[in-house]
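Student: Pasting a structure here, questions to come.
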Amino acid sequence: SAAPLTDGASAMAPSVGGTSSLHNNEPDLIMQEAMAPRGNKPVIFTFYEHVNEPDHTGMSAEDDHALIQAWARSWQEVGWEPRVLNVDTARQHPEFATFDGFLEGLPFRKFDRICFYRYLAVGVAGGGWLSDYDTFPLSRANWDGSGDPLFLPNNGDLTVHESSESGGIPSLVSGNTDEWFRLAKTQVENAKSHSTEPHWSDMKALQDIYAQSGGTFYKMMENVVLGDGILRKKEIGRDTCTWLQTKLAVHFSHFSMHRSGRWKSPQEGAKHRGPGG
């Protein structure tokens, strides 16, 4: 028979059908402000800014809110303190006006431009860990430095924890304050150099920077599992559980939901990441 998922994983799986295990009927979790003093738990940030564009995340604002709540509860359950960043956080940087001016002048979709602000926001908030809100922790165990709320892997060097053949995927990233500011600045410079592209995103910039640096701009690790690798399995056996215990998180991206074979398009897959999907 199938072994149970590692601690924390059962709480984070997206709904597959009309029901959900994502705390559907619980009141909203009240989170600390992004800039609040830190306590004795490690802080995990995500970034959200509502953008009035059709299908910018594939979900409604209500679904985004529900998914952020599910994300927050899942990280809280395994010992982290979740906090949400937005553009107002980034706006507290003294050079925000210059940063904002560069981005506003780019011809990309507003949603794609907004995503660049998150790196500046993490730096303003003191650095640390940033997670997409469709990225969920797998277990309490095997996190290096557990017990030290300020621990960062690779001595605080910028580390992208999901890898691909093209470079890092920013579903889970860690680094100290200086590293986040270095990334934010380089991301904008990269976007400016691709201003004639019909579409350019922070992920494309992250991967382009990695390639141009010969793989030296940031550390890249394989600590995040793509959601379709879990959703395509008919059962979670002991071998899979043992493998998952070596990973930190699972990323239910638009495309991984589509690749799972359960939904016809990335947009349809996105809609099923949240409660009640």
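Residues are named by chain letter and number: chains run A, B, ... in the order of the structure tokens, numbers start at 1 in each chain, and ligands are numbered from 1 in the order shown.
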If you run DSSP on the backbone here, which positions in segment 53-148 of chain A get strand (DSSP E or B)? Please write them as a ChimeraX atom specification.
Tutor: /A:81-85,128-131,135-137
Student: Could you please take those selected residues and save N, CA, C and O atoms as a PDB file, in the first residue's frame?
Tutor:
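again20.pdb, written as the output of this step:
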```
ATOM      1  N   GLU A  81       7.291  31.443   9.228  1.00  0.00           N
ATOM      2  CA  GLU A  81       6.393  32.582   9.346  1.00  0.00           C
ATOM      3  C   GLU A  81       6.178  33.194   7.970  1.00  0.00           C
ATOM      4  O   GLU A  81       7.081  33.820   7.407  1.00  0.00           O
ATOM      5  N   PRO A  82       4.995  33.000   7.378  1.00  0.00           N
ATOM      6  CA  PRO A  82       4.737  33.531   6.024  1.00  0.00           C
ATOM      7  C   PRO A  82       4.398  35.014   6.061  1.00  0.00           C
ATOM      8  O   PRO A  82       3.687  35.486   6.953  1.00  0.00           O
ATOM      9  N   ARG A  83       4.899  35.742   5.081  1.00  0.00           N
ATOM     10  CA  ARG A  83       4.589  37.159   4.924  1.00  0.00           C
ATOM     11  C   ARG A  83       4.423  37.471   3.436  1.00  0.00           C
ATOM     12  O   ARG A  83       5.068  36.842   2.601  1.00  0.00           O
ATOM     13  N   VAL A  84       3.598  38.463   3.135  1.00  0.00           N
ATOM     14  CA  VAL A  84       3.314  38.825   1.748  1.00  0.00           C
ATOM     15  C   VAL A  84       3.892  40.202   1.444  1.00  0.00           C
ATOM     16  O   VAL A  84       3.627  41.177   2.153  1.00  0.00           O
ATOM     17  N   LEU A  85       4.682  40.279   0.390  1.00  0.00           N
ATOM     18  CA  LEU A  85       5.252  41.529  -0.105  1.00  0.00           C
ATOM     19  C   LEU A  85       4.390  42.073  -1.240  1.00  0.00           C
ATOM     20  O   LEU A  85       3.676  41.311  -1.904  1.00  0.00           O
ATOM     21  N   GLY A 128      16.398  37.154   2.673  1.00  0.00           N
ATOM     22  CA  GLY A 128      15.937  35.856   3.162  1.00  0.00           C
ATOM     23  C   GLY A 128      15.374  35.006   2.049  1.00  0.00           C
ATOM     24  O   GLY A 128      15.964  34.901   0.971  1.00  0.00           O
ATOM     25  N   TRP A 129      14.191  34.435   2.278  1.00  0.00           N
ATOM     26  CA  TRP A 129      13.584  33.457   1.383  1.00  0.00           C
ATOM     27  C   TRP A 129      12.376  34.050   0.667  1.00  0.00           C
ATOM     28  O   TRP A 129      11.538  34.699   1.286  1.00  0.00           O
ATOM     29  N   LEU A 130      12.279  33.794  -0.640  1.00  0.00           N
ATOM     30  CA  LEU A 130      11.113  34.187  -1.438  1.00  0.00           C
ATOM     31  C   LEU A 130      10.560  32.953  -2.126  1.00  0.00           C
ATOM     32  O   LEU A 130      11.306  32.184  -2.748  1.00  0.00           O
ATOM     33  N   SER A 131       9.256  32.770  -2.025  1.00  0.00           N
ATOM     34  CA  SER A 131       8.580  31.636  -2.649  1.00  0.00           C
ATOM     35  C   SER A 131       7.435  32.140  -3.504  1.00  0.00           C
ATOM     36  O   SER A 131       6.732  33.079  -3.122  1.00  0.00           O
ATOM     37  N   THR A 135       4.067  27.454  -4.587  1.00  0.00           N
ATOM     38  CA  THR A 135       5.160  26.573  -4.176  1.00  0.00           C
ATOM     39  C   THR A 135       4.985  26.259  -2.696  1.00  0.00           C
ATOM     40  O   THR A 135       4.935  27.166  -1.863  1.00  0.00           O
ATOM     41  N   PHE A 136       4.887  24.970  -2.388  1.00  0.00           N
ATOM     42  CA  PHE A 136       4.509  24.522  -1.051  1.00  0.00           C
ATOM     43  C   PHE A 136       5.594  23.640  -0.438  1.00  0.00           C
ATOM     44  O   PHE A 136       6.240  22.865  -1.141  1.00  0.00           O
ATOM     45  N   PRO A 137       5.801  23.739   0.878  1.00  0.00           N
ATOM     46  CA  PRO A 137       6.848  22.944   1.532  1.00  0.00           C
ATOM     47  C   PRO A 137       6.482  21.464   1.562  1.00  0.00           C
ATOM     48  O   PRO A 137       5.312  21.106   1.681  1.00  0.00           O
TER      49      PRO A 137
END
```
Student: List every residue of segment 172-257 of chain A that has an atom at most 12 Å from any atom of segment 44-47 of chain A, giving for each one its closest atom pair and the distance in Å to one decimal, counting only C-alpha atoms, sorted by chain and then by ascending residue number, as JSON lines.
Tutor:
```
{"residue": "A:Leu172", "atom": "CA", "partner": "A:Thr46", "partner_atom": "CA", "distance": 9.4}
{"residue": "A:Val173", "atom": "CA", "partner": "A:Phe45", "partner_atom": "CA", "distance": 9.9}
{"residue": "A:Ser174", "atom": "CA", "partner": "A:Ile44", "partner_atom": "CA", "distance": 9.5}
{"residue": "A:Gly175", "atom": "CA", "partner": "A:Ile44", "partner_atom": "CA", "distance": 11.8}
```
Student: Fewer than 6 positions away in the same chain doesn't count, so skip those; otherwise give me all residues within 8 Å of Ser163 of chain A, counting only C-alpha atoms, as a list in words.
Tutor: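 Counting only C-alpha atoms, the residues come to Ile169, Met220, Met221, Glu222 and Val224 of chain A.
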Student: Can you check which parts of segment 111-159 of chain A lie within 7 Å of segment 179-187 of chain A? Per residue, the shortest pair of atoms and distance in Å to one decimal, counting only C-alpha atoms, sorted by chain and number, as a tab-separated table.
Tutor:
```
residue	atom	partner	partner_atom	distance
A:Tyr119	CA	A:Ala184	CA	5.1
A:Leu120	CA	A:Ala184	CA	5.3
A:Val122	CA	A:Trp180	CA	6.6
A:Gly123	CA	A:Trp180	CA	5.0
A:Gly127	CA	A:Trp180	CA	6.5
A:Asp157	CA	A:Glu179	CA	6.6
A:Leu158	CA	A:Glu179	CA	5.7
```
Student: If you keep N, CA and C atoms, can you produce a file of those selected residues as a short mmCIF file (atom, residue, chain, number, x, y, z; two decimals), in the first residue's frame?
Tutor:
```
data_model
loop_
_atom_site.label_atom_id
_atom_site.label_comp_id
_atom_site.auth_asym_id
_atom_site.auth_seq_id
_atom_site.Cartn_x
_atom_site.Cartn_y
_atom_site.Cartn_z
N TYR A 119 11.94 41.30 -6.37
CA TYR A 119 13.33 41.12 -5.93
C TYR A 119 13.79 42.32 -5.11
N LEU A 120 13.39 43.52 -5.53
CA LEU A 120 13.68 44.72 -4.76
C LEU A 120 12.95 44.67 -3.42
N VAL A 122 12.09 42.09 -1.57
CA VAL A 122 12.72 41.19 -0.60
C VAL A 122 13.93 41.88 0.04
N GLY A 123 14.71 42.58 -0.77
CA GLY A 123 15.85 43.31 -0.23
C GLY A 123 15.43 44.35 0.78
N GLY A 127 15.87 40.74 3.17
CA GLY A 127 16.44 39.55 2.56
C GLY A 127 15.88 38.27 3.16
N ASP A 157 24.69 33.53 -0.11
CA ASP A 157 24.80 33.81 -1.55
C ASP A 157 23.46 33.56 -2.22
N LEU A 158 23.18 34.30 -3.27
CA LEU A 158 21.93 34.13 -4.00
C LEU A 158 21.81 32.69 -4.50
#
```
Student: Please list as a list of chain:residue names every residue within 12 Å of Leu106 of chain A, counting only C-alpha atoms and excluding residues in the same chain fewer than 6 positions away.
Tutor: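 These residues fall inside the cut-off: A:Phe99, A:Asp100, A:Asp112, A:Arg113, A:Ile114, A:Phe116, A:Val188, A:Glu189, A:Asn190, A:Ala191, A:Lys192, A:Ser193, A:His194, A:Ser195, A:Thr196, A:Glu197, A:Pro198, A:His199, A:Trp200, A:Ser201.
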Student: Report the distance between atom CA of Gln76 of chain A and atom CA of Gly167 of chain A in Å, rounded to one decimal place.
Tutor: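 It comes out at 29.1 Å.
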Student: Within segment 126-249 of chain A, find each residue whose DSSP state, derived from the backbone, is helix (DSSP H, G or I), and express the selection as a count of residues only.
Tutor: 44
Student: For segment 210-212 of chain A, work out the shell of residues within 8 Å, counting only C-alpha atoms and skipping chain neighbours fewer than 6 positions away, then give it as an NGL selection string.
Tutor: :A and (166-168 or 218)
Student: Between atom CA of Val160 of chain A and atom CA of Thr216 of chain A, what is the spacing in Å?
Tutor: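 Calculated distance between atom CA of Thr216 of chain A and atom CA of Val160 of chain A is 11.9 Å.
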Student: Have a look at A:Glu62, A:Pro153, A:Pro170, A:Glu104 and name the one nearest to Gln207 of chain A; count only C-alpha atoms.
Tutor: A:Pro170
Student: What separation in Å, quoted to one decimal, exists between atom CA of Ala34 of chain A and atom CA of Ala90 of chain A?
Tutor: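 Between atom CA of Ala34 of chain A and atom CA of Ala90 of chain A the gap works out to 10.6 Å.
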